[in-house]
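Structure file upload04.json (JSON, C-alpha atoms and all ligand atoms) is printed below.
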[["chain", "number", "residue", "atom", "x", "y", "z"],
["A", 2, "MET", "CA", 83.48, 84.60, 207.57],
["A", 3, "VAL", "CA", 84.11, 88.05, 206.07],
["A", 4, "VAL", "CA", 84.44, 88.05, 202.29],
["A", 5, "PRO", "CA", 87.05, 90.62, 201.21],
["A", 6, "PRO", "CA", 85.73, 93.23, 198.76],
["A", 7, "THR", "CA", 86.69, 92.93, 195.10],
["A", 8, "PRO", "CA", 89.91, 94.89, 194.67],
["A", 9, "VAL", "CA", 89.59, 97.71, 192.18],
["A", 10, "GLY", "CA", 92.61, 98.76, 190.25],
["A", 11, "THR", "CA", 94.92, 95.82, 190.82],
["A", 12, "GLN", "CA", 94.15, 94.10, 187.52],
["A", 13, "ARG", "CA", 95.90, 94.82, 184.23],
["A", 14, "ILE", "CA", 96.01, 94.01, 180.53],
["A", 15, "THR", "CA", 99.32, 93.63, 178.77],
["A", 16, "GLY", "CA", 100.13, 92.83, 175.19],
["A", 17, "VAL", "CA", 102.29, 93.35, 172.17],
["A", 18, "VAL", "CA", 101.94, 94.52, 168.57],
["A", 19, "TRP", "CA", 104.60, 93.12, 166.31],
["A", 20, "LEU", "CA", 105.67, 92.72, 162.69],
["A", 21, "ASP", "CA", 104.60, 89.15, 161.91],
["A", 22, "ARG", "CA", 106.59, 88.90, 158.71],
["A", 23, "ASN", "CA", 105.90, 85.22, 158.06],
["A", 24, "ARG", "CA", 102.23, 85.61, 159.05],
["A", 25, "ASP", "CA", 102.17, 82.63, 161.39],
["A", 26, "GLY", "CA", 100.74, 84.37, 164.46],
["A", 27, "ALA", "CA", 103.93, 83.95, 166.50],
["A", 28, "GLN", "CA", 106.69, 86.46, 167.18],
["A", 29, "ASP", "CA", 109.72, 84.72, 165.73],
["A", 30, "GLY", "CA", 112.86, 86.28, 167.12],
["A", 31, "PRO", "CA", 114.53, 89.59, 166.32],
["A", 32, "GLY", "CA", 113.54, 89.42, 162.65],
["A", 33, "GLU", "CA", 109.95, 90.13, 163.75],
["A", 34, "PRO", "CA", 110.39, 93.22, 165.92],
["A", 35, "GLY", "CA", 107.72, 94.93, 167.96],
["A", 36, "LEU", "CA", 105.99, 97.91, 166.39],
["A", 37, "ALA", "CA", 106.46, 101.09, 168.38],
["A", 38, "ALA", "CA", 104.16, 104.09, 168.79],
["A", 39, "VAL", "CA", 101.10, 102.20, 167.51],
["A", 40, "PRO", "CA", 97.87, 103.62, 169.02],
["A", 41, "VAL", "CA", 96.02, 101.16, 171.23],
["A", 42, "GLU", "CA", 92.55, 101.76, 172.64],
["A", 43, "LEU", "CA", 90.99, 100.04, 175.62],
["A", 44, "TYR", "CA", 87.22, 99.59, 175.84],
["A", 45, "ARG", "CA", 85.11, 98.27, 178.69],
["A", 46, "VAL", "CA", 82.71, 95.71, 177.25],
["A", 47, "GLU", "CA", 79.43, 94.59, 178.79],
["A", 48, "LEU", "CA", 78.14, 91.07, 178.46],
["A", 49, "ARG", "CA", 75.21, 91.13, 176.05],
["A", 50, "GLY", "CA", 71.96, 90.20, 177.76],
["A", 51, "GLY", "CA", 73.70, 87.87, 180.14],
["A", 52, "SER", "CA", 74.17, 85.39, 177.29],
["A", 53, "GLY", "CA", 77.87, 85.18, 177.94],
["A", 54, "VAL", "CA", 78.54, 86.48, 174.44],
["A", 55, "LEU", "CA", 80.75, 89.50, 174.37],
["A", 56, "GLY", "CA", 79.47, 92.46, 172.38],
["A", 57, "ARG", "CA", 81.61, 93.85, 169.60],
["A", 58, "VAL", "CA", 83.16, 97.26, 169.49],
["A", 59, "GLY", "CA", 81.45, 99.17, 166.71],
["A", 60, "SER", "CA", 83.39, 100.54, 163.78],
["A", 61, "SER", "CA", 82.98, 104.03, 165.19],
["A", 62, "GLY", "CA", 84.88, 102.95, 168.26],
["A", 63, "ALA", "CA", 82.55, 103.76, 171.10],
["A", 64, "THR", "CA", 79.01, 102.42, 171.15],
["A", 65, "THR", "CA", 76.51, 102.03, 173.95],
["A", 66, "GLY", "CA", 77.79, 99.71, 176.62],
["A", 67, "ARG", "CA", 81.31, 99.69, 175.22],
["A", 68, "ASP", "CA", 83.06, 102.65, 176.68],
["A", 69, "LEU", "CA", 86.47, 103.88, 175.74],
["A", 70, "VAL", "CA", 88.47, 103.58, 178.94],
["A", 71, "ALA", "CA", 91.97, 104.55, 177.88],
["A", 72, "ARG", "CA", 94.29, 105.15, 174.96],
["A", 73, "GLY", "CA", 97.98, 104.52, 174.72],
["A", 74, "LEU", "CA", 100.90, 103.93, 172.39],
["A", 75, "THR", "CA", 103.04, 100.84, 172.19],
["A", 76, "GLU", "CA", 106.56, 101.07, 173.61],
["A", 77, "ALA", "CA", 109.75, 100.71, 171.61],
["A", 78, "ASP", "CA", 109.45, 96.91, 171.80],
["A", 79, "GLY", "CA", 105.80, 96.93, 170.73],
["A", 80, "ALA", "CA", 104.51, 96.23, 174.24],
["A", 81, "PHE", "CA", 101.56, 97.98, 175.82],
["A", 82, "ALA", "CA", 99.98, 97.80, 179.26],
["A", 83, "PHE", "CA", 96.85, 99.14, 180.88],
["A", 84, "GLY", "CA", 96.86, 98.99, 184.66],
["A", 85, "SER", "CA", 94.59, 99.95, 187.55],
["A", 86, "LEU", "CA", 91.64, 98.10, 186.02],
["A", 87, "SER", "CA", 88.58, 96.54, 187.56],
["A", 88, "ALA", "CA", 87.97, 92.90, 186.87],
["A", 89, "GLY", "CA", 85.72, 92.31, 183.87],
["A", 90, "ALA", "CA", 85.49, 92.17, 180.09],
["A", 91, "TYR", "CA", 87.49, 94.53, 177.87],
["A", 92, "ALA", "CA", 88.39, 94.99, 174.24],
["A", 93, "ILE", "CA", 91.76, 96.05, 172.95],
["A", 94, "ARG", "CA", 91.72, 97.79, 169.58],
["A", 95, "VAL", "CA", 94.91, 98.47, 167.69],
["A", 96, "ARG", "CA", 94.86, 101.39, 165.24],
["A", 97, "TYR", "CA", 97.29, 99.93, 162.73],
["A", 98, "PRO", "CA", 98.55, 101.68, 159.60],
["A", 99, "GLU", "CA", 96.70, 101.01, 156.36],
["A", 100, "SER", "CA", 99.83, 99.66, 154.72],
["A", 101, "LEU", "CA", 99.80, 96.65, 157.02],
["A", 102, "ALA", "CA", 97.50, 93.65, 157.22],
["A", 103, "VAL", "CA", 96.41, 91.85, 160.37],
["A", 104, "THR", "CA", 97.99, 88.39, 160.56],
["A", 105, "TRP", "CA", 96.90, 87.60, 164.06],
["A", 106, "ASP", "CA", 94.99, 88.82, 167.05],
["A", 107, "SER", "CA", 94.61, 86.84, 170.20],
["A", 108, "GLU", "CA", 90.87, 86.64, 169.65],
["A", 109, "GLY", "CA", 91.41, 84.91, 166.32],
["A", 110, "GLN", "CA", 89.25, 87.23, 164.21],
["A", 111, "PHE", "CA", 92.04, 89.09, 162.39],
["A", 112, "ASP", "CA", 90.56, 92.53, 162.94],
["A", 113, "ALA", "CA", 93.21, 93.91, 165.31],
["A", 114, "GLU", "CA", 90.65, 93.83, 168.07],
["A", 115, "ALA", "CA", 90.96, 91.37, 170.90],
["A", 116, "GLN", "CA", 88.46, 90.88, 173.66],
["A", 117, "VAL", "CA", 89.73, 89.68, 176.97],
["A", 118, "VAL", "CA", 88.34, 88.98, 180.40],
["A", 119, "VAL", "CA", 90.40, 90.24, 183.29],
["A", 120, "PRO", "CA", 89.93, 88.02, 186.35],
["A", 121, "GLU", "CA", 90.02, 89.31, 189.88],
["A", 122, "HIS", "CA", 93.58, 89.62, 191.14],
["A", 123, "GLY", "CA", 94.74, 88.68, 187.66],
["A", 124, "GLN", "CA", 95.64, 90.03, 184.29],
["A", 125, "ALA", "CA", 94.90, 89.36, 180.65],
["A", 126, "GLN", "CA", 97.03, 89.29, 177.55],
["A", 127, "ALA", "CA", 96.32, 90.51, 174.01],
["A", 128, "GLU", "CA", 98.53, 90.29, 170.94],
["A", 129, "VAL", "CA", 98.18, 91.70, 167.45],
["A", 130, "GLY", "CA", 100.43, 90.69, 164.57],
["A", 131, "LEU", "CA", 100.77, 92.88, 161.47],
["A", 132, "ALA", "CA", 102.63, 92.36, 158.22],
["A", 133, "GLY", "CA", 103.27, 94.18, 154.96],
["A", 134, "ASP", "CA", 103.34, 92.82, 151.43],
["A", 135, "VAL", "CA", 106.81, 93.96, 150.39],
["A", 136, "GLN", "CA", 109.53, 91.49, 149.50],
["A", 137, "ALA", "CA", 112.87, 93.26, 149.61],
["A", 138, "ASP", "CA", 115.45, 92.04, 147.08],
["A", 139, "LEU", "CA", 118.67, 93.91, 147.74],
["A", 140, "ARG", "CA", 122.32, 93.76, 146.73],
["A", 141, "VAL", "CA", 124.20, 95.26, 149.65],
["A", 142, "GLN", "CA", 127.74, 96.39, 148.95],
["A", 143, "THR", "CA", 130.50, 98.56, 150.38],
["A", 144, "PRO", "CA", 131.52, 101.81, 148.65],
["A", 145, "SER", "CA", 134.18, 99.89, 146.71],
["A", 146, "GLY", "CA", 131.61, 97.37, 145.49],
["A", 147, "SER", "CA", 132.44, 94.44, 147.78],
["A", 148, "PRO", "CA", 129.38, 92.37, 148.69],
["A", 149, "VAL", "CA", 128.40, 92.59, 152.35],
["A", 150, "THR", "CA", 127.86, 89.48, 154.44],
["A", 151, "GLY", "CA", 126.36, 89.62, 157.92],
["A", 152, "THR", "CA", 123.38, 91.04, 159.77],
["A", 153, "VAL", "CA", 122.13, 94.30, 158.30],
["A", 154, "LEU", "CA", 119.24, 96.41, 159.53],
["A", 155, "LEU", "CA", 116.34, 97.37, 157.31],
["A", 156, "TRP", "CA", 115.38, 100.66, 158.94],
["A", 157, "TRP", "CA", 111.78, 101.50, 158.07],
["A", 158, "ALA", "CA", 110.80, 105.16, 158.57],
["A", 159, "GLY", "CA", 107.46, 103.99, 159.97],
["A", 160, "PRO", "CA", 103.94, 105.12, 159.07],
["A", 161, "ASP", "CA", 104.95, 108.80, 159.27],
["A", 162, "GLY", "CA", 107.63, 108.32, 156.60],
["A", 163, "VAL", "CA", 110.13, 110.31, 158.66],
["A", 164, "PHE", "CA", 113.37, 108.79, 159.94],
["A", 165, "GLY", "CA", 114.34, 109.22, 163.56],
["A", 166, "ARG", "CA", 110.98, 109.21, 165.29],
["A", 167, "ASP", "CA", 109.39, 106.75, 167.71],
["A", 168, "ASP", "CA", 107.44, 104.88, 165.03],
["A", 169, "ASP", "CA", 110.58, 103.79, 163.17],
["A", 170, "VAL", "CA", 111.18, 100.03, 162.96],
["A", 171, "ARG", "CA", 114.52, 98.29, 162.51],
["A", 172, "VAL", "CA", 114.34, 94.80, 161.05],
["A", 173, "PRO", "CA", 117.54, 92.72, 161.29],
["A", 174, "VAL", "CA", 118.03, 90.51, 158.23],
["A", 175, "GLU", "CA", 120.93, 88.46, 156.92],
["A", 176, "ALA", "CA", 122.99, 89.51, 153.93],
["A", 177, "VAL", "CA", 124.75, 86.57, 152.29],
["A", 178, "ASP", "CA", 127.38, 87.49, 149.74],
["A", 179, "GLY", "CA", 125.62, 90.82, 149.31],
["A", 180, "ARG", "CA", 122.13, 89.38, 148.80],
["A", 181, "VAL", "CA", 119.19, 90.22, 151.05],
["A", 182, "LEU", "CA", 115.79, 88.62, 150.51],
["A", 183, "ALA", "CA", 113.24, 89.60, 153.14],
["A", 184, "GLY", "CA", 109.46, 89.41, 152.98],
["A", 185, "GLY", "CA", 106.51, 90.65, 155.01],
["A", 186, "LEU", "CA", 107.83, 94.21, 155.12],
["A", 187, "PRO", "CA", 105.72, 97.36, 155.16],
["A", 188, "PRO", "CA", 105.99, 99.49, 152.03],
["A", 189, "GLY", "CA", 107.68, 102.84, 152.40],
["A", 190, "ALA", "CA", 110.96, 104.59, 153.04],
["A", 191, "TYR", "CA", 113.92, 102.58, 154.27],
["A", 192, "ARG", "CA", 117.59, 102.94, 154.96],
["A", 193, "VAL", "CA", 119.96, 100.00, 155.22],
["A", 194, "VAL", "CA", 122.44, 99.89, 158.08],
["A", 195, "GLY", "CA", 125.59, 97.83, 157.53],
["A", 196, "PRO", "CA", 126.87, 95.10, 159.85],
["A", 197, "ASP", "CA", 129.17, 97.55, 161.62],
["A", 198, "GLY", "CA", 126.07, 99.47, 162.66],
["A", 199, "SER", "CA", 127.83, 102.76, 162.09],
["A", 200, "SER", "CA", 126.47, 104.01, 158.81],
["A", 201, "ALA", "CA", 123.22, 103.87, 156.89],
["A", 202, "SER", "CA", 122.51, 103.93, 153.19],
["A", 203, "PRO", "CA", 120.70, 106.84, 151.59],
["A", 204, "PRO", "CA", 116.90, 106.48, 151.82],
["A", 205, "LEU", "CA", 115.27, 104.12, 149.34],
["A", 206, "ASN", "CA", 111.68, 103.30, 148.65],
["A", 207, "LEU", "CA", 110.43, 99.73, 148.89],
["A", 208, "SER", "CA", 107.14, 98.83, 147.27],
["A", 209, "GLN", "CA", 105.28, 95.67, 146.43],
["A", 210, "ASP", "CA", 106.35, 95.65, 142.80],
["A", 211, "GLY", "CA", 109.83, 97.01, 143.35],
["A", 212, "ASP", "CA", 112.80, 95.84, 141.32],
["A", 213, "PRO", "CA", 115.96, 94.50, 142.95],
["A", 214, "LEU", "CA", 117.99, 97.39, 144.33],
["A", 215, "THR", "CA", 121.69, 97.87, 144.89],
["A", 216, "VAL", "CA", 122.44, 99.50, 148.23],
["A", 217, "THR", "CA", 125.76, 100.90, 149.38],
["A", 218, "VAL", "CA", 126.48, 100.87, 153.10],
["A", 219, "GLY", "CA", 129.35, 101.52, 155.44],
["A", 220, "THR", "CA", 132.94, 102.31, 154.73],
["A", 221, "ASP", "CA", 135.70, 100.11, 153.38],
["A", 222, "PRO", "CA", 138.25, 98.82, 155.87],
["A", 223, "GLN", "CA", 140.96, 101.41, 156.43],
["A", 224, "THR", "CA", 144.00, 101.00, 154.19],
["A", 225, "PRO", "CA", 146.80, 99.61, 156.37],
["A", 226, "PRO", "CA", 149.78, 101.97, 156.89],
["A", 227, "LEU", "CA", 152.40, 101.75, 154.14],
["A", 228, "ALA", "CA", 155.38, 99.48, 154.84],
["A", 229, "VAL", "CA", 158.67, 101.33, 155.27],
["A", 230, "THR", "CA", 160.36, 100.91, 151.90],
["A", 231, "GLY", "CA", 162.43, 102.78, 149.38],
["A", 232, "TRP", "CA", 164.07, 106.07, 150.12],
["A", 233, "ALA", "CA", 161.82, 106.73, 153.10],
["A", 234, "GLY", "CA", 163.08, 103.48, 154.63],
["A", 235, "ALA", "CA", 166.67, 104.31, 153.81],
["A", 236, "ALA", "CA", 166.30, 107.69, 155.47],
["A", 237, "LEU", "CA", 165.32, 105.88, 158.69],
["A", 238, "LEU", "CA", 167.89, 103.12, 158.34],
["A", 239, "VAL", "CA", 170.95, 105.41, 157.99],
["A", 240, "PRO", "CA", 170.62, 107.06, 161.44],
["A", 241, "ALA", "CA", 169.80, 103.65, 162.90],
["A", 242, "ALA", "CA", 173.04, 102.26, 161.46],
["A", 243, "PHE", "CA", 175.00, 105.16, 162.98],
["A", 244, "LEU", "CA", 173.45, 104.43, 166.36],
["A", 245, "ILE", "CA", 174.33, 100.72, 166.19],
["A", 246, "VAL", "CA", 177.92, 101.27, 165.02],
["A", 247, "GLY", "CA", 178.37, 104.07, 167.54],
["A", 248, "GLY", "CA", 177.05, 101.86, 170.30],
["A", 249, "LEU", "CA", 179.48, 99.05, 169.39],
["A", 250, "LEU", "CA", 182.45, 101.45, 169.37],
["A", 251, "LEU", "CA", 181.46, 102.86, 172.77],
["A", 252, "THR", "CA", 181.12, 99.35, 174.21],
["A", 253, "ARG", "CA", 184.54, 98.36, 172.87],
["A", 254, "ALA", "CA", 186.12, 101.50, 174.32],
["A", 255, "ALA", "CA", 184.52, 100.85, 177.69],
["A", 256, "ARG", "CA", 185.81, 97.25, 177.72],
["A", 257, "ARG", "CA", 189.30, 98.48, 176.86],
["A", 258, "ARG", "CA", 189.21, 100.95, 179.74],
["A", 259, "ALA", "CA", 188.12, 98.11, 182.06],
["A", 260, "GLY", "CA", 191.00, 95.97, 180.85],
["A", 261, "VAL", "CA", 188.77, 93.45, 179.11],
["A", 262, "HIS", "CA", 190.16, 92.17, 175.83],
["A", 263, "PRO", "CA", 188.32, 90.18, 173.24],
["A", 264, "ALA", "CA", 189.34, 86.53, 173.23],
["B", 1, "CA", "CA", 105.79, 85.15, 162.82],
["B", 2, "CA", "CA", 109.08, 107.54, 161.56]]

Please express the file's structure as structure tokens.
Amino acid sequence: MVVPPTPVGTQRITGVVWLDRNRDGAQDGPGEPGLAAVPVELYRVELRGGSGVLGRVGSSGATTGRDLVARGLTEADGAFAFGSLSAGAYAIRVRYPESLAVTWDSEGQFDAEAQVVVPEHGQAQAEVGLAGDVQADLRVQTPSGSPVTGTVLLWWAGPDGVFGRDDDVRVPVEAVDGRVLAGGLPPGAYRVVGPDGSSASPPLNLSQDGDPLTVTVGTDPQTPPLAVTGWAGAALLVPAAFLIVGGLLLTRAARRRAGVHPA
């Protein structure tokens, strides 16, 4: 029987880096979004002395027997993938920002490095959870001072501190009667987007020891059009009355011409 050769390049490693705000090692819904544009490195790892123990990636990144194979950035949803791999042992290393702490990696060592073994014809999975130490305490209101209730977005400018780039993160949180309490956030620059999604607050800075902040978002509901009253109403009503009376007179004249008489 002919044994087929080991396929090279059909195996892959996929994974995700996310904001694990409650630090439980699971990605809990939209309130724990993926982290985009996070650098991820892939190393090929050799088994040490045939002992079955995987070697560690040194702090410098590349050490003998642990070669850097590829680099990449996480996608908008925090996902990453390395394809066209040979079967074997690898290490995923996530270069996370200093302002975040590792809450989880799929290896269980909380160092944002996960070692995986990719089987032939198969794939491996690696996850890294990160969280910040900021607890946001916000009063969210409309320009007229009405408290906002509903889902608002805490729009973090990301590690680069600049809004509008790939590393930005939007965290949906609930505002109840204007109050937002949300933990596990990275420190830094934020804007708050109101429930209508159309307008964002001015930038504000959230830090570990920050005081409660009042944030104004959105626009007030449009003032309904004024009811027709007063002289303006009268000006419309007078021509209308002429039309009605005129119409009645014309109808009566037409009936008379047709020989129809009111009973
Ligand atoms: Ca979680
Ligand atoms: Ca940014």

(request) Dump the neighbourhood of ligand CA 1 (chain B) as a ChimeraX atom specification: all residues within 8 Å, distances computed on only C-alpha atoms and all ligand atoms. (result) /A:20-29,33,130

(message) Can you pull out every residue with an atom within 10 Å of ligand CA 2 (chain B)? Use all atoms listed in the file and format it as a ChimeraX atom specification.
(response) /A:37-38,156-170,190

(request) Considering all atoms listed in the file, return as a PyMOL selection string whatever protein or nucleic-acid residues lie within 6 Å of Val41 of chain A, sequence-local ones (same chain, fewer than 5 positions apart) excluded. (result) chain A and resi 72-74+94-95

(request) Skip Asp178 of chain A itself and residues of its chain fewer than 6 positions away, then list as a ChimeraX atom specification all residues within 8 Å of it, counting all atoms listed in the file. (result) /A:148-150

(message) Quick check, in Å to one decimal: how far apart do atom CA of Val218 of chain A and atom CA of Pro203 of chain A lie?
(response)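 Computing it gives 8.4 Å between the two atoms.
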
(request) Could you jot down the atom CA of Ala115 of chain A to atom CA of Val129 of chain A separation for me, Å, one decimal place? (result) 8.0 Å

(message) Please list as a PyMOL selection string every residue within 6 Å of segment 88-90 of chain A, counting all atoms listed in the file and excluding residues in the same chain fewer than 5 positions away.
(response) chain A and resi 46+117-121

(request) Rank nothing, just name the residue among A:Ile14, A:Glu108, A:Val153, A:Pro187 nearest to Ser202 of chain A, using all atoms listed in the file. (result)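 The closest residue to Ser202 of chain A is A:Val153.
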